[in-house]
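Asks: One structure follows; several queries about it will come next.
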Amino acid sequence: MQNNVAVIAVDGPGGAGKGELCLRLSKKYGFAILDSGAIYRVLAYAALKKGIALDAEKELSSLAANLNLSFKEVNNAVAVILDGEDVSSFIRTEETGGAASKVAVLPEVRAALLQRQRDFAVAPGLIADGRDMGTVVFPDATAKIFLDASAEERARRRVSQLESRGVKADYDKILKEIADRDFRDRNRATAPLKPADDALVLDSTTLSIQEVVDTAVKFIESKLGR
Ligand code: DC
């Protein structure tokens, strides 16, 4: 428990299915979701807009500390608001994801965002989605899940997701972007992507979403003492 609030940490690489798992868990338990990746994405987007270099640690950490960011529910989806503007569609691009992964390497940037993320842990509980939820942000989380999948499978899922929206997708390009981002996220010195020692590691490569949810729920119930 984090200050007597149940926190379920869900970490893993991009495209492993964390978003869908968190949504289902949030509905089941009535807990809010912290999409920590969206915070890094908004920071990267704001930096690009202001012309701040993605390795300018001092400027980026001061931007991070003063980011006027909020989440708002719009038509059953969570909109990301920056300075009063809905930036949801801008931050979901591959380009912003790559830029987010670059600013996320910087220790001062991560430090500037730490308390903001912890503030989301309010009663009755929180589903925290990210890379370092179980290792750094919520080390005392009630249950920690690390959801993985092969890079090839994640690229295939991304391609079919884009194609279902009528967007043409290049599998090889997407696979390369996924591999580059994985490498940066896993090999950075501060808060690298890795399972916490006490996390349930779930490889979703050959699992359906229902199988992932069922396994995760069984684990969470055992941690919640139900
Ligand atoms: O989950 P996502 O794809 O929206 O995250 C975008 C990037 O943000 C990811 O590649 C690395 C960074 N990130 C992070 O370093 N720590 C987190 N807790 C969440 C995201």
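Numbering starts fresh at 1 for the residues of each chain in the structure tokens, the chains themselves are lettered A, B, ... in the order given, and ligands are numbered from 1 as they appear.
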Report the closest atom pair, with its distance in Å rounded to one decimal, for each residue of chain A that has an atom no farther than 7 Å from ligand 1; count only C-alpha atoms and all ligand atoms, sort by chain and then rising residue number, and write it as a Markdown table.

Replies:
| residue | atom | partner | partner_atom_place_in_ligand_line | distance |
| --- | --- | --- | --- | --- |
| A:Gly14 | CA | ligand 1 | 3 (O) | 4.7 |
| A:Ser36 | CA | ligand 1 | 19 (C) | 4.7 |
| A:Gly37 | CA | ligand 1 | 4 (O) | 3.5 |
| A:Ala38 | CA | ligand 1 | 4 (O) | 5.1 |
| A:Tyr40 | CA | ligand 1 | 8 (O) | 4.9 |
| A:Arg41 | CA | ligand 1 | 6 (C) | 5.8 |
| A:Gly97 | CA | ligand 1 | 6 (C) | 4.8 |
| A:Gly98 | CA | ligand 1 | 10 (O) | 6.3 |
| A:Ala100 | CA | ligand 1 | 7 (C) | 4.6 |
| A:Ser101 | CA | ligand 1 | 10 (O) | 3.9 |
| A:Ala104 | CA | ligand 1 | 15 (O) | 4.5 |
| A:Val105 | CA | ligand 1 | 15 (O) | 6.8 |
| A:Asp129 | CA | ligand 1 | 18 (N) | 6.9 |
| A:Gly130 | CA | ligand 1 | 18 (N) | 3.7 |
| A:Arg131 | CA | ligand 1 | 18 (N) | 4.0 |
| A:Asp132 | CA | ligand 1 | 18 (N) | 4.8 |
| A:Met133 | CA | ligand 1 | 18 (N) | 5.9 |
| A:Arg181 | CA | ligand 1 | 10 (O) | 5.6 |
| A:Asp185 | CA | ligand 1 | 11 (C) | 5.7 |

Asks: How about saving the chosen residues, C-alpha atoms kept, as a PDB file, in the first residue's frame?

Replies:
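Resulting contents of again22.pdb:
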ATOM      1  CA  GLY A  14       5.332   0.234 -25.537  1.00  0.00           C
ATOM      2  CA  SER A  36       2.717   8.270 -16.967  1.00  0.00           C
ATOM      3  CA  GLY A  37       3.841   7.910 -20.588  1.00  0.00           C
ATOM      4  CA  ALA A  38       1.421  10.715 -21.496  1.00  0.00           C
ATOM      5  CA  TYR A  40       6.622  12.314 -20.826  1.00  0.00           C
ATOM      6  CA  ARG A  41       4.921  12.688 -24.207  1.00  0.00           C
ATOM      7  CA  GLY A  97       6.788   8.710 -28.498  1.00  0.00           C
ATOM      8  CA  GLY A  98      10.402   8.684 -29.689  1.00  0.00           C
ATOM      9  CA  ALA A 100       9.389  11.271 -25.042  1.00  0.00           C
ATOM     10  CA  SER A 101      11.805   8.374 -24.750  1.00  0.00           C
ATOM     11  CA  ALA A 104      12.924  10.449 -20.299  1.00  0.00           C
ATOM     12  CA  VAL A 105      16.626   9.527 -20.246  1.00  0.00           C
ATOM     13  CA  ASP A 129       0.899   2.576 -16.244  1.00  0.00           C
ATOM     14  CA  GLY A 130       4.516   3.174 -17.254  1.00  0.00           C
ATOM     15  CA  ARG A 131       8.117   1.999 -17.268  1.00  0.00           C
ATOM     16  CA  ASP A 132       9.228   2.574 -13.672  1.00  0.00           C
ATOM     17  CA  MET A 133       5.975   2.504 -11.708  1.00  0.00           C
ATOM     18  CA  ARG A 181      12.725   3.060 -28.196  1.00  0.00           C
ATOM     19  CA  ASP A 185      14.183   2.788 -22.323  1.00  0.00           C
TER      20      ASP A 185
END

Asks: Within 9 Å of segment 205-212 of chain A, counting only C-alpha atoms, which residues show up once you throw out same-chain ones fewer than 6 positions away? Write them as a compact mmCIF listing (two decimals) with N, CA and C atoms, in the first residue's frame, please.

Replies:
# COMPACT_ATOMS: atom_id res chain seq x y z
N ALA A 16 2.80 -3.43 -25.55
CA ALA A 16 2.62 -4.78 -24.98
C ALA A 16 1.18 -5.02 -24.54
N GLY A 17 0.37 -3.96 -24.54
CA GLY A 17 -1.04 -4.10 -24.15
C GLY A 17 -1.35 -3.53 -22.78
N GLU A 20 -4.71 -1.34 -22.53
CA GLU A 20 -5.97 -2.11 -22.48
C GLU A 20 -6.11 -2.81 -21.12
N LEU A 21 -5.00 -3.39 -20.65
CA LEU A 21 -5.04 -4.05 -19.34
C LEU A 21 -5.43 -3.05 -18.25
N LEU A 147 4.34 -6.29 -18.04
CA LEU A 147 3.72 -6.88 -19.24
C LEU A 147 4.66 -6.73 -20.43
N ASP A 148 5.10 -7.86 -20.96
CA ASP A 148 6.05 -7.84 -22.06
C ASP A 148 5.42 -8.45 -23.30
N ALA A 149 6.06 -8.33 -24.45
CA ALA A 149 5.69 -9.04 -25.68
C ALA A 149 6.86 -8.85 -26.63
N SER A 150 7.04 -9.77 -27.56
CA SER A 150 8.17 -9.63 -28.48
C SER A 150 8.00 -8.36 -29.32
N GLU A 153 5.82 -8.95 -32.41
CA GLU A 153 4.39 -9.01 -32.13
C GLU A 153 3.84 -7.60 -31.86
N ARG A 154 4.60 -6.80 -31.14
CA ARG A 154 4.13 -5.44 -30.85
C ARG A 154 4.04 -4.63 -32.15

Asks: Give me the residues within 12 Å of Asp140 of chain A as a PyMOL selection string, counting only C-alpha atoms and dropping any in the same chain fewer than 4 places off.

Replies: chain A and resi 1-9+118+121+133-136+144+196-199+223

Asks: Now that the selection is made, can you save its residues with C-alpha atoms as a compact mmCIF listing (two decimals), in the first residue's frame?

Replies:
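That gives us out-v3.txt:
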# COMPACT_ATOMS: atom_id res chain seq x y z
CA MET A 1 0.00 0.00 0.00
CA GLN A 2 1.13 3.55 -0.80
CA ASN A 3 -0.17 5.78 2.07
CA ASN A 4 -3.00 3.25 2.56
CA VAL A 5 -4.06 3.61 -1.05
CA ALA A 6 -3.92 0.49 -3.21
CA VAL A 7 -1.57 1.01 -6.16
CA ILE A 8 -1.35 -1.48 -9.01
CA ALA A 9 1.81 -0.85 -11.02
CA ARG A 118 2.87 10.18 -6.84
CA ALA A 121 -2.32 7.92 -5.69
CA MET A 133 5.98 2.50 -11.71
CA GLY A 134 6.92 -0.58 -9.67
CA THR A 135 10.64 0.15 -9.42
CA VAL A 136 10.86 3.89 -8.69
CA LYS A 144 3.29 -5.04 -9.63
CA ALA A 196 10.65 -4.99 -10.15
CA ASP A 197 11.98 -7.95 -8.13
CA ASP A 198 8.47 -8.64 -6.83
CA ALA A 199 6.63 -8.13 -10.14
CA LYS A 223 -1.98 -9.29 -3.16

Asks: Compile a residue-level contact table for segment 115-222 of chain A against segment 51-67 of chain A at a cut-off of 12 Å, reporting for every qualifying residue the shortest atom pair and its distance in Å to one decimal, with only C-alpha atoms counted, rows ordered by chain and ascending number, as CSV.

Replies:
residue,atom,partner,partner_atom,distance
A:Gln115,CA,A:Ala65,CA,9.8
A:Arg116,CA,A:Ala65,CA,8.8
A:Gln117,CA,A:Ala65,CA,11.7

Asks: Just list as a count of residues only whatever in segment 9-154 of chain A DSSP marks as strand (DSSP E or B).

Replies: 33

Asks: From a DSSP calculation on the backbone, collect every residue of segment 35-186 of chain A in helix (DSSP H, G or I) and output the set as a ChimeraX atom specification.

Replies: /A:36-50,57-65,88-91,94-103,107-118,133-137,151-164,171-186

Asks: What does the structure give for the distance between atom CA of Ala111 of chain A and atom CA of Ile145 of chain A, in Å to one decimal?

Replies: 22.9 Å

Asks: Hey, which of A:Ser26, A:Phe31, A:Leu162, A:Pro13 ends up closest to Asp180 of chain A? Count only C-alpha atoms.

Replies: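 The answer is A:Pro13, which sits nearest to Asp180 of chain A.
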
Asks: Just the number, please: distance in Å from atom CA of Ile178 of chain A to atom CA of Asp203 of chain A, one decimal.

Replies: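 Taking atom CA of Ile178 of chain A and atom CA of Asp203 of chain A, their separation equals 16.6 Å.
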
Asks: For Arg158 of chain A, please output as a ChimeraX atom specification all residues within 12 Å (counting only C-alpha atoms; exclusion window: fewer than 4 positions along the same chain).

Replies: /A:14-17,93-94,151-154,162-165,167-175,177-178

Asks: Between atom CA of Val201 of chain A and atom CA of Lys218 of chain A, what is the distance, to one decimal in Å?

Replies: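 Result for atom CA of Val201 of chain A versus atom CA of Lys218 of chain A: 13.3 Å, one decimal.
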
Asks: For segment 70-82 of chain A, please output as a list of chain:residue names all residues within 12 Å (counting only C-alpha atoms; exclusion window: fewer than 5 positions along the same chain).

Replies: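 With the cut-off at 12 Å, the set is A:Gly19, A:Leu23, A:Ala32, A:Ile33, A:Leu34, A:Asp35, A:Ser36, A:Gly37, A:Ala38, A:Ile39, A:Tyr40, A:Arg41, A:Val42, A:Leu43, A:Ala44, A:Tyr45, A:Ala46, A:Lys49, A:Ala64, A:Val87, A:Ser88, A:Ser89, A:Phe90, A:Ile91, A:Arg92, A:Arg116, A:Gln117, A:Phe120.
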
Asks: Taking only C-alpha atoms into account, name the residue in A:Asp119, A:Ala128, A:Thr142, A:Ala189 that is nearest to Ser222 of chain A.

Replies: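 Closest to Ser222 of chain A, using only C-alpha atoms: A:Thr142.
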
Asks: Using only C-alpha atoms, which residue out of A:Ala112, A:Val159, A:Ala191, A:Ala47 lies closest to Asp11 of chain A?

Replies: A:Ala191
